file entry38.pdb (PDB, C-alpha atoms)
ATOM      1  CA  MET A   1     111.933  87.782 173.919
ATOM      2  CA  THR A   2     115.246  87.644 172.065
ATOM      3  CA  SER A   3     114.816  87.429 168.291
ATOM      4  CA  ILE A   4     116.899  85.399 165.865
ATOM      5  CA  TYR A   5     116.892  88.420 163.558
ATOM      6  CA  ARG A   6     119.522  91.107 163.838
ATOM      7  CA  THR A   7     117.044  93.902 163.067
ATOM      8  CA  PRO A   8     113.278  94.253 162.542
ATOM      9  CA  GLU A   9     114.026  95.290 158.961
ATOM     10  CA  GLY A  10     115.965  92.081 158.377
ATOM     11  CA  ARG A  11     113.087  90.019 159.784
ATOM     12  CA  ASP A  12     110.702  91.753 157.403
ATOM     13  CA  SER A  13     113.013  91.138 154.430
ATOM     14  CA  ILE A  14     113.115  87.401 155.113
ATOM     15  CA  ARG A  15     109.379  87.154 155.675
ATOM     16  CA  ARG A  16     108.637  89.095 152.505
ATOM     17  CA  TRP A  17     110.869  86.724 150.520
ATOM     18  CA  CYS A  18     109.022  83.709 151.932
ATOM     19  CA  ALA A  19     105.625  85.231 151.223
ATOM     20  CA  ARG A  20     106.588  86.094 147.635
ATOM     21  CA  GLN A  21     107.819  82.568 146.931
ATOM     22  CA  VAL A  22     104.700  80.955 148.361
ATOM     23  CA  ASP A  23     102.303  83.416 146.711
ATOM     24  CA  ALA A  24     103.902  82.701 143.312
ATOM     25  CA  TRP A  25     103.725  78.916 143.791
ATOM     26  CA  SER A  26     101.537  77.417 141.069
ATOM     27  CA  THR A  27     100.293  74.530 143.224
ATOM     28  CA  PRO A  28      96.959  75.364 144.943
ATOM     29  CA  HIS A  29      97.673  75.899 148.624
ATOM     30  CA  GLU A  30      96.580  77.469 151.875
ATOM     31  CA  ARG A  31      98.510  79.295 154.591
ATOM     32  CA  ARG A  32      97.702  79.627 158.266
ATOM     33  CA  VAL A  33      99.358  80.130 161.630
ATOM     34  CA  ILE A  34      98.703  77.879 164.615
ATOM     35  CA  ARG A  35      99.999  77.875 168.157
ATOM     36  CA  ALA A  36     102.199  74.817 168.771
ATOM     37  CA  HIS A  37     104.139  74.212 171.968
ATOM     38  CA  GLY A  38     103.709  77.850 172.907
ATOM     39  CA  HIS A  39     104.950  79.401 169.645
ATOM     40  CA  ASP A  40     103.323  80.721 166.484
ATOM     41  CA  THR A  41     103.894  78.179 163.719
ATOM     42  CA  HIS A  42     103.292  78.904 160.057
ATOM     43  CA  LEU A  43     101.782  76.059 158.026
ATOM     44  CA  LEU A  44     101.647  75.695 154.250
ATOM     45  CA  THR A  45      99.117  73.086 153.104
ATOM     46  CA  ALA A  46      98.682  71.626 149.608
ATOM     47  CA  GLY A  47      97.491  68.464 147.905
ATOM     48  CA  ALA A  48      94.882  65.943 148.981
ATOM     49  CA  GLY A  49      94.540  62.329 150.010
ATOM     50  CA  PRO A  50      94.002  60.046 152.987
ATOM     51  CA  VAL A  51      97.652  60.325 154.102
ATOM     52  CA  THR A  52      99.200  63.606 155.253
ATOM     53  CA  VAL A  53     102.920  64.237 154.920
ATOM     54  CA  VAL A  54     104.093  66.736 157.540
ATOM     55  CA  LEU A  55     107.323  68.290 156.298
ATOM     56  CA  VAL A  56     109.923  70.001 158.480
ATOM     57  CA  ALA A  57     112.665  72.129 156.955
ATOM     58  CA  GLY A  58     116.362  71.954 157.695
ATOM     59  CA  ASP A  59     118.574  74.303 159.690
ATOM     60  CA  ARG A  60     118.600  77.843 158.216
ATOM     61  CA  PHE A  61     115.927  76.858 155.706
ATOM     62  CA  SER A  62     112.232  77.617 155.532
ATOM     63  CA  THR A  63     109.280  75.916 153.863
ATOM     64  CA  ALA A  64     109.480  78.443 151.031
ATOM     65  CA  ALA A  65     112.894  77.045 150.072
ATOM     66  CA  TYR A  66     111.436  73.543 149.475
ATOM     67  CA  LEU A  67     108.784  74.259 146.853
ATOM     68  CA  PRO A  68     110.107  71.780 144.221
ATOM     69  CA  LEU A  69     109.895  68.955 146.767
ATOM     70  CA  LEU A  70     106.502  70.137 148.039
ATOM     71  CA  THR A  71     105.187  70.232 144.476
ATOM     72  CA  THR A  72     106.165  66.593 143.978
ATOM     73  CA  LEU A  73     104.740  65.432 147.310
ATOM     74  CA  ALA A  74     101.464  67.293 146.786
ATOM     75  CA  ARG A  75     100.773  65.303 143.611
ATOM     76  CA  GLN A  76     100.239  62.195 145.750
ATOM     77  CA  TYR A  77      99.518  63.323 149.305
ATOM     78  CA  ARG A  78      98.094  66.047 151.447
ATOM     79  CA  VAL A  79     101.157  67.988 152.573
ATOM     80  CA  VAL A  80     101.520  70.234 155.601
ATOM     81  CA  ALA A  81     104.864  72.050 155.728
ATOM     82  CA  ALA A  82     105.785  73.759 158.992
ATOM     83  CA  ASP A  83     108.416  76.420 159.581
ATOM     84  CA  ILE A  84     110.312  75.616 162.780
ATOM     85  CA  PRO A  85     110.177  78.313 165.489
ATOM     86  CA  GLY A  86     113.600  79.842 165.970
ATOM     87  CA  GLN A  87     114.508  79.336 162.314
ATOM     88  CA  PRO A  88     114.251  81.995 159.594
ATOM     89  CA  GLY A  89     110.853  81.909 157.958
ATOM     90  CA  LEU A  90     107.266  82.688 158.869
ATOM     91  CA  SER A  91     107.048  81.099 162.346
ATOM     92  CA  SER A  92     108.017  82.592 165.710
ATOM     93  CA  ASP A  93     111.419  84.240 165.776
ATOM     94  CA  ALA A  94     112.091  83.371 169.434
ATOM     95  CA  ALA A  95     115.743  82.510 169.990
ATOM     96  CA  ASP A  96     115.216  80.594 173.220
ATOM     97  CA  VAL A  97     113.425  77.562 171.777
ATOM     98  CA  ALA A  98     116.647  75.582 171.453
ATOM     99  CA  ASP A  99     117.104  75.672 175.230
ATOM    100  CA  GLY A 100     114.777  72.665 175.452
ATOM    101  CA  GLY A 101     116.957  70.614 173.114
ATOM    102  CA  LEU A 102     115.702  68.016 170.670
ATOM    103  CA  ALA A 103     112.977  66.931 173.089
ATOM    104  CA  TRP A 104     111.398  70.384 172.759
ATOM    105  CA  TYR A 105     111.390  70.218 168.963
ATOM    106  CA  GLY A 106     109.942  66.711 169.018
ATOM    107  CA  ALA A 107     107.114  67.840 171.304
ATOM    108  CA  TRP A 108     106.520  70.850 169.046
ATOM    109  CA  LEU A 109     106.160  68.626 165.983
ATOM    110  CA  ALA A 110     103.790  66.302 167.840
ATOM    111  CA  GLU A 111     101.547  69.305 168.536
ATOM    112  CA  VAL A 112     101.676  70.303 164.864
ATOM    113  CA  VAL A 113     100.520  66.794 163.933
ATOM    114  CA  GLU A 114      97.722  66.997 166.522
ATOM    115  CA  GLU A 115      96.488  70.419 165.379
ATOM    116  CA  ALA A 116      96.944  70.157 161.607
ATOM    117  CA  THR A 117      96.011  66.560 160.719
ATOM    118  CA  THR A 118      93.224  64.041 161.247
ATOM    119  CA  GLY A 119      94.178  60.790 159.525
ATOM    120  CA  PRO A 120      97.403  58.800 159.110
ATOM    121  CA  VAL A 121     100.596  60.857 158.969
ATOM    122  CA  VAL A 122     104.130  60.428 157.709
ATOM    123  CA  THR A 123     106.593  62.979 159.031
ATOM    124  CA  PHE A 124     109.287  64.077 156.598
ATOM    125  CA  GLY A 125     112.333  66.059 157.641
ATOM    126  CA  HIS A 126     115.538  67.224 156.007
ATOM    127  CA  SER A 127     118.840  67.830 157.801
ATOM    128  CA  PHE A 128     117.998  69.310 161.229
ATOM    129  CA  GLY A 129     114.344  68.730 160.341
ATOM    130  CA  GLY A 130     115.216  65.046 160.017
ATOM    131  CA  ALA A 131     116.387  65.006 163.623
ATOM    132  CA  VAL A 132     113.134  66.688 164.667
ATOM    133  CA  THR A 133     111.035  64.058 162.898
ATOM    134  CA  LEU A 134     112.997  61.267 164.582
ATOM    135  CA  ALA A 135     112.404  62.882 167.979
ATOM    136  CA  ALA A 136     108.617  63.263 167.550
ATOM    137  CA  GLU A 137     106.018  60.709 168.595
ATOM    138  CA  HIS A 138     102.262  60.783 167.957
ATOM    139  CA  PRO A 139      99.673  57.997 167.635
ATOM    140  CA  ARG A 140      98.748  59.013 164.082
ATOM    141  CA  VAL A 141     102.316  58.939 162.784
ATOM    142  CA  ARG A 142     102.769  55.812 160.643
ATOM    143  CA  GLY A 143     106.457  56.485 160.139
ATOM    144  CA  ALA A 144     109.140  59.060 159.408
ATOM    145  CA  VAL A 145     111.264  59.845 156.369
ATOM    146  CA  ALA A 146     114.509  61.466 157.522
ATOM    147  CA  VAL A 147     116.627  62.847 154.673
ATOM    148  CA  ALA A 148     120.294  63.619 155.380
ATOM    149  CA  PRO A 149     119.254  63.758 159.025
ATOM    150  CA  GLY A 150     121.050  65.424 161.847
ATOM    151  CA  GLY A 151     120.788  63.845 165.255
ATOM    152  CA  LEU A 152     122.252  60.440 164.372
ATOM    153  CA  CYS A 153     125.929  61.379 164.526
ATOM    154  CA  ARG A 154     128.166  64.414 164.554
ATOM    155  CA  LEU A 155     128.411  65.998 161.145
ATOM    156  CA  ARG A 156     131.700  65.946 159.269
ATOM    157  CA  VAL A 157     132.902  69.482 158.570
ATOM    158  CA  THR A 158     135.964  69.537 156.342
ATOM    159  CA  PRO A 159     138.295  72.570 156.200
ATOM    160  CA  ARG A 160     136.931  73.374 152.742
ATOM    161  CA  VAL A 161     133.334  73.407 153.962
ATOM    162  CA  LEU A 162     134.253  75.373 157.093
ATOM    163  CA  LEU A 163     136.058  77.990 155.024
ATOM    164  CA  ALA A 164     133.068  78.364 152.699
ATOM    165  CA  PHE A 165     130.688  78.570 155.666
ATOM    166  CA  LEU A 166     132.734  81.258 157.405
ATOM    167  CA  GLY A 167     133.104  83.195 154.160
ATOM    168  CA  TRP A 168     129.338  83.058 153.679
ATOM    169  CA  LEU A 169     128.749  84.494 157.155
ATOM    170  CA  ALA A 170     131.490  87.119 156.896
ATOM    171  CA  ARG A 171     130.572  88.368 153.421
ATOM    172  CA  PRO A 172     126.894  87.609 152.806
ATOM    173  CA  ARG A 173     126.497  88.077 149.088
ATOM    174  CA  ALA A 174     125.452  85.972 146.120
ATOM    175  CA  ALA A 175     128.976  84.746 145.343
ATOM    176  CA  SER A 176     129.621  83.371 148.848
ATOM    177  CA  SER A 177     126.151  81.819 149.021
ATOM    178  CA  LEU A 178     126.668  80.113 145.670
ATOM    179  CA  ARG A 179     130.067  78.793 146.753
ATOM    180  CA  LEU A 180     128.597  77.214 149.871
ATOM    181  CA  LEU A 181     125.563  75.785 148.083
ATOM    182  CA  ARG A 182     127.766  74.177 145.441
ATOM    183  CA  LEU A 183     129.620  72.310 148.180
ATOM    184  CA  LEU A 184     126.278  71.114 149.538
ATOM    185  CA  SER A 185     125.254  69.866 146.082
ATOM    186  CA  ALA A 186     126.453  66.969 143.960
ATOM    187  CA  PRO A 187     129.396  67.709 141.648
ATOM    188  CA  GLY A 188     128.303  69.561 138.528
ATOM    189  CA  ARG A 189     124.992  70.734 140.018
ATOM    190  CA  THR A 190     124.075  74.415 139.862
ATOM    191  CA  PRO A 191     121.905  75.473 142.812
ATOM    192  CA  ARG A 192     118.629  77.233 142.108
ATOM    193  CA  ALA A 193     118.814  81.024 142.006
ATOM    194  CA  GLU A 194     116.113  81.130 144.671
ATOM    195  CA  LEU A 195     118.341  79.224 147.093
ATOM    196  CA  VAL A 196     121.199  81.635 146.454
ATOM    197  CA  GLU A 197     118.877  84.550 147.260
ATOM    198  CA  TRP A 198     117.626  82.795 150.391
ATOM    199  CA  MET A 199     121.056  81.966 151.780
ATOM    200  CA  THR A 200     122.243  85.529 151.212
ATOM    201  CA  LEU A 201     119.290  86.916 153.140
ATOM    202  CA  VAL A 202     119.814  84.473 156.010
ATOM    203  CA  ALA A 203     123.505  85.319 156.365
ATOM    204  CA  ARG A 204     122.735  89.024 156.395
ATOM    205  CA  HIS A 205     119.770  89.078 158.711
ATOM    206  CA  ALA A 206     119.382  85.971 160.875
ATOM    207  CA  ARG A 207     121.036  84.100 163.725
ATOM    208  CA  PRO A 208     119.011  80.870 163.617
ATOM    209  CA  VAL A 209     119.199  78.482 166.542
ATOM    210  CA  SER A 210     118.950  74.709 166.758
ATOM    211  CA  THR A 211     120.483  71.931 168.845
ATOM    212  CA  ASP A 212     123.167  69.340 168.310
ATOM    213  CA  ASP A 213     121.448  66.763 170.526
ATOM    214  CA  LEU A 214     121.521  63.191 169.293
ATOM    215  CA  VAL A 215     118.314  61.251 168.756
ATOM    216  CA  PRO A 216     117.712  58.687 171.535
ATOM    217  CA  ALA A 217     118.480  55.091 170.615
ATOM    218  CA  ALA A 218     115.575  53.167 169.091
ATOM    219  CA  THR A 219     112.923  51.858 171.467
ATOM    220  CA  SER A 220     109.349  51.582 170.206
ATOM    221  CA  ARG A 221     109.166  54.442 167.713
ATOM    222  CA  ALA A 222     107.309  54.150 164.406
ATOM    223  CA  PRO A 223     109.164  52.792 161.335
ATOM    224  CA  VAL A 224     111.707  55.099 159.725
ATOM    225  CA  VAL A 225     113.222  55.470 156.281
ATOM    226  CA  ILE A 226     116.635  57.143 156.169
ATOM    227  CA  ALA A 227     118.029  58.590 152.940
ATOM    228  CA  SER A 228     120.978  60.708 151.916
ATOM    229  CA  GLY A 229     123.004  61.693 148.883
ATOM    230  CA  ASP A 230     126.137  59.815 147.922
ATOM    231  CA  HIS A 231     128.044  63.136 147.846
ATOM    232  CA  ASP A 232     126.734  64.540 151.130
ATOM    233  CA  VAL A 233     129.642  66.509 152.589
ATOM    234  CA  PHE A 234     128.244  66.356 156.134
ATOM    235  CA  LEU A 235     127.117  62.732 156.176
ATOM    236  CA  PRO A 236     129.323  60.442 154.082
ATOM    237  CA  PRO A 237     127.432  57.188 153.361
ATOM    238  CA  ASP A 238     129.561  54.949 155.601
ATOM    239  CA  ARG A 239     129.264  57.313 158.571
ATOM    240  CA  LEU A 240     125.498  57.650 158.197
ATOM    241  CA  ARG A 241     125.001  53.895 157.746
ATOM    242  CA  ARG A 242     126.885  53.136 160.957
ATOM    243  CA  ALA A 243     124.953  55.762 162.912
ATOM    244  CA  ALA A 244     121.559  54.658 161.588
ATOM    245  CA  GLU A 245     122.286  51.039 162.437
ATOM    246  CA  GLN A 246     123.588  51.828 165.904
ATOM    247  CA  ARG A 247     120.884  54.290 166.962
ATOM    248  CA  LEU A 248     117.820  53.147 164.983
ATOM    249  CA  HIS A 249     118.622  49.617 163.781
ATOM    250  CA  ALA A 250     117.744  50.979 160.324
ATOM    251  CA  GLY A 251     119.331  50.884 156.900
ATOM    252  CA  VAL A 252     120.011  53.874 154.671
ATOM    253  CA  ASP A 253     118.977  54.590 151.081
ATOM    254  CA  ILE A 254     121.890  56.291 149.333
ATOM    255  CA  VAL A 255     120.704  58.449 146.428
ATOM    256  CA  PRO A 256     123.179  58.577 143.517
ATOM    257  CA  ALA A 257     124.398  61.893 142.112
ATOM    258  CA  ALA A 258     123.121  63.831 145.112
ATOM    259  CA  GLY A 259     124.569  65.992 147.852
ATOM    260  CA  HIS A 260     123.217  67.335 151.120
ATOM    261  CA  LEU A 261     120.642  69.217 149.037
ATOM    262  CA  VAL A 262     119.185  65.958 147.719
ATOM    263  CA  THR A 263     115.739  67.415 148.461
ATOM    264  CA  ASP A 264     116.288  69.887 145.620
ATOM    265  CA  GLU A 265     118.128  67.486 143.341
ATOM    266  CA  HIS A 266     115.916  64.375 143.447
ATOM    267  CA  PRO A 267     112.427  65.207 144.779
ATOM    268  CA  ASP A 268     110.780  62.329 142.897
ATOM    269  CA  THR A 269     113.107  59.762 144.488
ATOM    270  CA  LEU A 270     112.393  61.107 147.968
ATOM    271  CA  ALA A 271     108.640  61.326 147.450
ATOM    272  CA  ALA A 272     108.637  57.643 146.524
ATOM    273  CA  LEU A 273     110.054  56.781 149.949
ATOM    274  CA  VAL A 274     106.814  57.865 151.621
ATOM    275  CA  GLY A 275     105.031  55.020 149.851
ATOM    276  CA  ARG A 276     107.051  52.437 151.792
ATOM    277  CA  LEU A 277     105.398  53.589 154.993
ATOM    278  CA  VAL A 278     101.797  53.795 153.778
ATOM    279  CA  ASP A 279     101.338  51.244 150.972
TER     280      ASP A 279
END
call {"tool": "encode", "arguments": {"input": "entry38.pdb", "output": "structure tokens"}}
result
Amino acid sequence: MTSIYRTPEGRDSIRRWCARQVDAWSTPHERRVIRAHGHDTHLLTAGAGPVTVVLVAGDRFSTAAYLPLLTTLARQYRVVAADIPGQPGLSSDAADVADGGLAWYGAWLAEVVEEATTGPVVTFGHSFGGAVTLAAEHPRVRGAVAVAPGGLCRLRVTPRVLLAFLGWLARPRAASSLRLLRLLSAPGRTPRAELVEWMTLVARHARPVSTDDLVPAATSRAPVVIASGDHDVFLPPDRLRRAAEQRLHAGVDIVPAAGHLVTDEHPDTLAALVGRLVD
């Protein structure tokens, strides 16, 4: 099996970082590993209630990088956050999972829902995780919240963003990570120090894999809520609105003063979107 990590030591560094963040999290929680679609999948569970929110992280992110959002969600719902196989984190480090395209990831998430939940479910994904939630189907899923989702259209990558991205990969240090994260945030926002640490580790140690497949056009899938920041560099509001209407016949909630990292900037606003699907 080919690993996404450049070295075993790099894999251990990333997994230790994730474990430290989760272990220090003040919200009561449990951790376990299940087998989903043939790959070890790490689950972080917190909160309680009749509805379970199953959260899927974005490309190059892990559950441990979403603790502010998970804290907010866990105040109202039972939350199960799953690290995607083939992404840096605590799940399988197999690099071949992307060969199956978005259909593979959707089937993986459906198995997570089957194994980790019993009652009604809302799936919740950010960025690439948003595409995964839109590709998954399960009878218990009442709907999906897709935040700054991939899979609806090709992302816009400006020369400025590309230069910052390449600089981050070429010189993985705090300064290059901070530069990239600032572009992914709303103007004037300072990214959390934990995210700077995380991005530096990922650039140094990991070659995460995903897919650029587009989500199939709407047929009979469960209701969806699409949201994004008004300063999202990858998904400008007009582009995302057109794509959501064309592929899903859905509108888009544009969150003011937010970038692609709206999950970190406005967790309360995003948590409120779940209520539309379960109230």
call {"tool": "resolve_selection", "arguments": {"input": "entry38.pdb", "expression": "the PyMOL selection byres ((chain A and resi 102) around 10)", "output": "list in words"}}
result
Val97, Ala98, Asp99, Gly100, Gly101, Ala103, Trp104, Tyr105, Gly106, Ala107, Trp108, Phe128, Ala131, Val132, Thr133, Leu134, Ala135, Ala136, Gly151, Ser210, Thr211, Asp212, Asp213, Leu214, Val215 and Pro216 of chain A
call {"tool": "closest_residue", "arguments": {"input": "entry38.pdb", "among": "A:His260, A:His126, A:Arg35, A:Arg173", "to": "Leu201 of chain A", "atoms": "only C-alpha atoms"}}
result
A:Arg173
call {"tool": "closest_residue", "arguments": {"input": "entry38.pdb", "among": "A:Ala175, A:Ala57, A:Leu44, A:Ala244", "to": "Leu152 of chain A", "atoms": "only C-alpha atoms"}}
result
A:Ala244
call {"tool": "residues_around", "arguments": {"input": "entry38.pdb", "residues": "Leu248 of chain A", "least_positions_apart": "2", "cutoff": "10 Å", "atoms": "all atoms listed in the file", "output": "ChimeraX atom specification"}}
result
/A:134,152,215-219,221,223-224,226,242-246,250-251
call {"tool": "atom_distance", "arguments": {"input": "entry38.pdb", "atom1": "atom CA of Thr72 of chain A", "atom2": "atom CA of Ser228 of chain A"}}
result
17.8 Å
call {"tool": "closest_atom_pairs", "arguments": {"input": "entry38.pdb", "of": "segment 49-138 of chain A", "to": "segment 265-278 of chain A", "cutoff": "12 Å", "atoms": "only C-alpha atoms", "output": "JSON lines"}}
result
{"residue": "A:Gly49", "atom": "CA", "partner": "A:Val278", "partner_atom": "CA", "distance": 11.8}
{"residue": "A:Pro50", "atom": "CA", "partner": "A:Val278", "partner_atom": "CA", "distance": 10.0}
{"residue": "A:Val51", "atom": "CA", "partner": "A:Val278", "partner_atom": "CA", "distance": 7.7}
{"residue": "A:Thr52", "atom": "CA", "partner": "A:Val274", "partner_atom": "CA", "distance": 10.2}
{"residue": "A:Val53", "atom": "CA", "partner": "A:Val274", "partner_atom": "CA", "distance": 8.2}
{"residue": "A:Val54", "atom": "CA", "partner": "A:Val274", "partner_atom": "CA", "distance": 11.0}
{"residue": "A:Leu55", "atom": "CA", "partner": "A:Ala271", "partner_atom": "CA", "distance": 11.3}
{"residue": "A:Tyr66", "atom": "CA", "partner": "A:Pro267", "partner_atom": "CA", "distance": 9.6}
{"residue": "A:Leu67", "atom": "CA", "partner": "A:Pro267", "partner_atom": "CA", "distance": 10.0}
{"residue": "A:Pro68", "atom": "CA", "partner": "A:Pro267", "partner_atom": "CA", "distance": 7.0}
{"residue": "A:Leu69", "atom": "CA", "partner": "A:Pro267", "partner_atom": "CA", "distance": 4.9}
{"residue": "A:Leu70", "atom": "CA", "partner": "A:Pro267", "partner_atom": "CA", "distance": 8.4}
{"residue": "A:Thr71", "atom": "CA", "partner": "A:Pro267", "partner_atom": "CA", "distance": 8.8}
{"residue": "A:Thr72", "atom": "CA", "partner": "A:Asp268", "partner_atom": "CA", "distance": 6.4}
{"residue": "A:Leu73", "atom": "CA", "partner": "A:Ala271", "partner_atom": "CA", "distance": 5.7}
{"residue": "A:Ala74", "atom": "CA", "partner": "A:Ala271", "partner_atom": "CA", "distance": 9.4}
{"residue": "A:Arg75", "atom": "CA", "partner": "A:Ala271", "partner_atom": "CA", "distance": 9.6}
{"residue": "A:Gln76", "atom": "CA", "partner": "A:Ala271", "partner_atom": "CA", "distance": 8.6}
{"residue": "A:Tyr77", "atom": "CA", "partner": "A:Val274", "partner_atom": "CA", "distance": 9.4}
{"residue": "A:Arg78", "atom": "CA", "partner": "A:Val274", "partner_atom": "CA", "distance": 12.0}
{"residue": "A:Val79", "atom": "CA", "partner": "A:Ala271", "partner_atom": "CA", "distance": 11.3}
{"residue": "A:Gly119", "atom": "CA", "partner": "A:Val278", "partner_atom": "CA", "distance": 11.8}
{"residue": "A:Pro120", "atom": "CA", "partner": "A:Val278", "partner_atom": "CA", "distance": 8.5}
{"residue": "A:Val121", "atom": "CA", "partner": "A:Val278", "partner_atom": "CA", "distance": 8.8}
{"residue": "A:Val122", "atom": "CA", "partner": "A:Val274", "partner_atom": "CA", "distance": 7.1}
{"residue": "A:Thr123", "atom": "CA", "partner": "A:Val274", "partner_atom": "CA", "distance": 9.0}
{"residue": "A:Phe124", "atom": "CA", "partner": "A:Val274", "partner_atom": "CA", "distance": 8.3}
{"residue": "A:Gly125", "atom": "CA", "partner": "A:Leu270", "partner_atom": "CA", "distance": 10.9}
{"residue": "A:His126", "atom": "CA", "partner": "A:Leu270", "partner_atom": "CA", "distance": 10.6}
call {"tool": "write_last_selection", "arguments": {"input": "entry38.pdb", "atoms": "C-alpha atoms", "output": "PDB file, keeping the file's coordinate frame"}}
result
ATOM      1  CA  GLY A  49      94.540  62.329 150.010  1.00  0.00           C
ATOM      2  CA  PRO A  50      94.002  60.046 152.987  1.00  0.00           C
ATOM      3  CA  VAL A  51      97.652  60.325 154.102  1.00  0.00           C
ATOM      4  CA  THR A  52      99.200  63.606 155.253  1.00  0.00           C
ATOM      5  CA  VAL A  53     102.920  64.237 154.920  1.00  0.00           C
ATOM      6  CA  VAL A  54     104.093  66.736 157.540  1.00  0.00           C
ATOM      7  CA  LEU A  55     107.323  68.290 156.298  1.00  0.00           C
ATOM      8  CA  TYR A  66     111.436  73.543 149.475  1.00  0.00           C
ATOM      9  CA  LEU A  67     108.784  74.259 146.853  1.00  0.00           C
ATOM     10  CA  PRO A  68     110.107  71.780 144.221  1.00  0.00           C
ATOM     11  CA  LEU A  69     109.895  68.955 146.767  1.00  0.00           C
ATOM     12  CA  LEU A  70     106.502  70.137 148.039  1.00  0.00           C
ATOM     13  CA  THR A  71     105.187  70.232 144.476  1.00  0.00           C
ATOM     14  CA  THR A  72     106.165  66.593 143.978  1.00  0.00           C
ATOM     15  CA  LEU A  73     104.740  65.432 147.310  1.00  0.00           C
ATOM     16  CA  ALA A  74     101.464  67.293 146.786  1.00  0.00           C
ATOM     17  CA  ARG A  75     100.773  65.303 143.611  1.00  0.00           C
ATOM     18  CA  GLN A  76     100.239  62.195 145.750  1.00  0.00           C
ATOM     19  CA  TYR A  77      99.518  63.323 149.305  1.00  0.00           C
ATOM     20  CA  ARG A  78      98.094  66.047 151.447  1.00  0.00           C
ATOM     21  CA  VAL A  79     101.157  67.988 152.573  1.00  0.00           C
ATOM     22  CA  GLY A 119      94.178  60.790 159.525  1.00  0.00           C
ATOM     23  CA  PRO A 120      97.403  58.800 159.110  1.00  0.00           C
ATOM     24  CA  VAL A 121     100.596  60.857 158.969  1.00  0.00           C
ATOM     25  CA  VAL A 122     104.130  60.428 157.709  1.00  0.00           C
ATOM     26  CA  THR A 123     106.593  62.979 159.031  1.00  0.00           C
ATOM     27  CA  PHE A 124     109.287  64.077 156.598  1.00  0.00           C
ATOM     28  CA  GLY A 125     112.333  66.059 157.641  1.00  0.00           C
ATOM     29  CA  HIS A 126     115.538  67.224 156.007  1.00  0.00           C
TER      30      HIS A 126
END
call {"tool": "resolve_selection", "arguments": {"input": "entry38.pdb", "expression": "the PyMOL selection byres ((chain A and resi 208) around 12)", "output": "ChimeraX atom specification"}}
result
/A:2-6,11,58-62,84-89,92-98,128,202-207,209-211
call {"tool": "atom_distance", "arguments": {"input": "entry38.pdb", "atom1": "atom CA of Trp17 of chain A", "atom2": "atom CA of His42 of chain A"}}
result
14.5 Å
call {"tool": "resolve_selection", "arguments": {"input": "entry38.pdb", "expression": "the PyMOL selection byres ((chain A and resi 253) around 6)", "output": "mmCIF file with C-alpha atoms, keeping the file's coordinate frame"}}
result
data_model
loop_
_atom_site.group_PDB
_atom_site.id
_atom_site.type_symbol
_atom_site.label_atom_id
_atom_site.label_comp_id
_atom_site.auth_asym_id
_atom_site.auth_seq_id
_atom_site.Cartn_x
_atom_site.Cartn_y
_atom_site.Cartn_z
ATOM 1 C CA ALA A 227 118.029 58.590 152.940
ATOM 2 C CA VAL A 252 120.011 53.874 154.671
ATOM 3 C CA ILE A 254 121.890 56.291 149.333
#
call {"tool": "closest_residue", "arguments": {"input": "entry38.pdb", "among": "A:Ala116, A:Leu178, A:Met1, A:Val22", "to": "Val196 of chain A", "atoms": "all atoms listed in the file"}}
result
A:Leu178
call {"tool": "closest_residue", "arguments": {"input": "entry38.pdb", "among": "A:Leu235, A:Val262, A:Val141, A:Val157", "to": "Ala186 of chain A", "atoms": "all atoms listed in the file"}}
result
A:Val262
call {"tool": "atom_distance", "arguments": {"input": "entry38.pdb", "atom1": "atom CA of Trp25 of chain A", "atom2": "atom CA of Thr200 of chain A"}}
result
21.0 Å
call {"tool": "closest_residue", "arguments": {"input": "entry38.pdb", "among": "A:Val145, A:Leu162, A:Met199, A:Leu109", "to": "Ser177 of chain A", "atoms": "all atoms listed in the file"}}
result
A:Met199
call {"tool": "closest_residue", "arguments": {"input": "entry38.pdb", "among": "A:Gly47, A:Gly38, A:Pro172, A:Gly129", "to": "Ala148 of chain A", "atoms": "all atoms listed in the file"}}
result
A:Gly129
call {"tool": "residues_around", "arguments": {"input": "entry38.pdb", "residues": "Ala19 of chain A", "least_positions_apart": "4", "cutoff": "9 Å", "atoms": "only C-alpha atoms", "output": "JSON, numbers by chain"}}
result
{"A": [14, 15, 23, 24, 64, 90]}
call {"tool": "write_last_selection", "arguments": {"input": "entry38.pdb", "atoms": "C-alpha atoms", "output": "PDB file, in the frame of the given file"}}
result
ATOM      1  CA  ILE A  14     113.115  87.401 155.113  1.00  0.00           C
ATOM      2  CA  ARG A  15     109.379  87.154 155.675  1.00  0.00           C
ATOM      3  CA  ASP A  23     102.303  83.416 146.711  1.00  0.00           C
ATOM      4  CA  ALA A  24     103.902  82.701 143.312  1.00  0.00           C
ATOM      5  CA  ALA A  64     109.480  78.443 151.031  1.00  0.00           C
ATOM      6  CA  LEU A  90     107.266  82.688 158.869  1.00  0.00           C
TER       7      LEU A  90
END
call {"tool": "axis_aligned_box", "arguments": {"input": "entry38.pdb", "around": "segment 41-60 of chain A", "padding_each_side": "4 Å", "output": "AutoDock Vina command-line options"}}
result
--center_x 106.3 --center_y 69.5 --center_z 155.8 --size_x 32.6 --size_y 26.9 --size_z 23.8
call {"tool": "decode", "arguments": {"input": "entry38.pdb", "residues": "segment 60-71 of chain A", "atoms": "C-alpha atoms", "output": "short mmCIF file (atom, residue, chain, number, x, y, z; two decimals), in the first residue's frame"}}
result
data_model
loop_
_atom_site.label_atom_id
_atom_site.label_comp_id
_atom_site.auth_asym_id
_atom_site.auth_seq_id
_atom_site.Cartn_x
_atom_site.Cartn_y
_atom_site.Cartn_z
CA ARG A 60 -5.71 18.55 3.63
CA PHE A 61 -7.63 19.01 6.87
CA SER A 62 -8.48 16.62 9.67
CA THR A 63 -11.20 16.52 12.31
CA ALA A 64 -8.72 17.91 14.84
CA ALA A 65 -8.54 21.14 12.84
CA TYR A 66 -12.31 21.76 13.25
CA LEU A 67 -12.67 21.79 17.03
CA PRO A 68 -14.28 25.28 17.27
CA LEU A 69 -17.02 24.19 14.86
CA LEU A 70 -17.41 20.81 16.57
CA THR A 71 -17.75 22.54 19.94
#
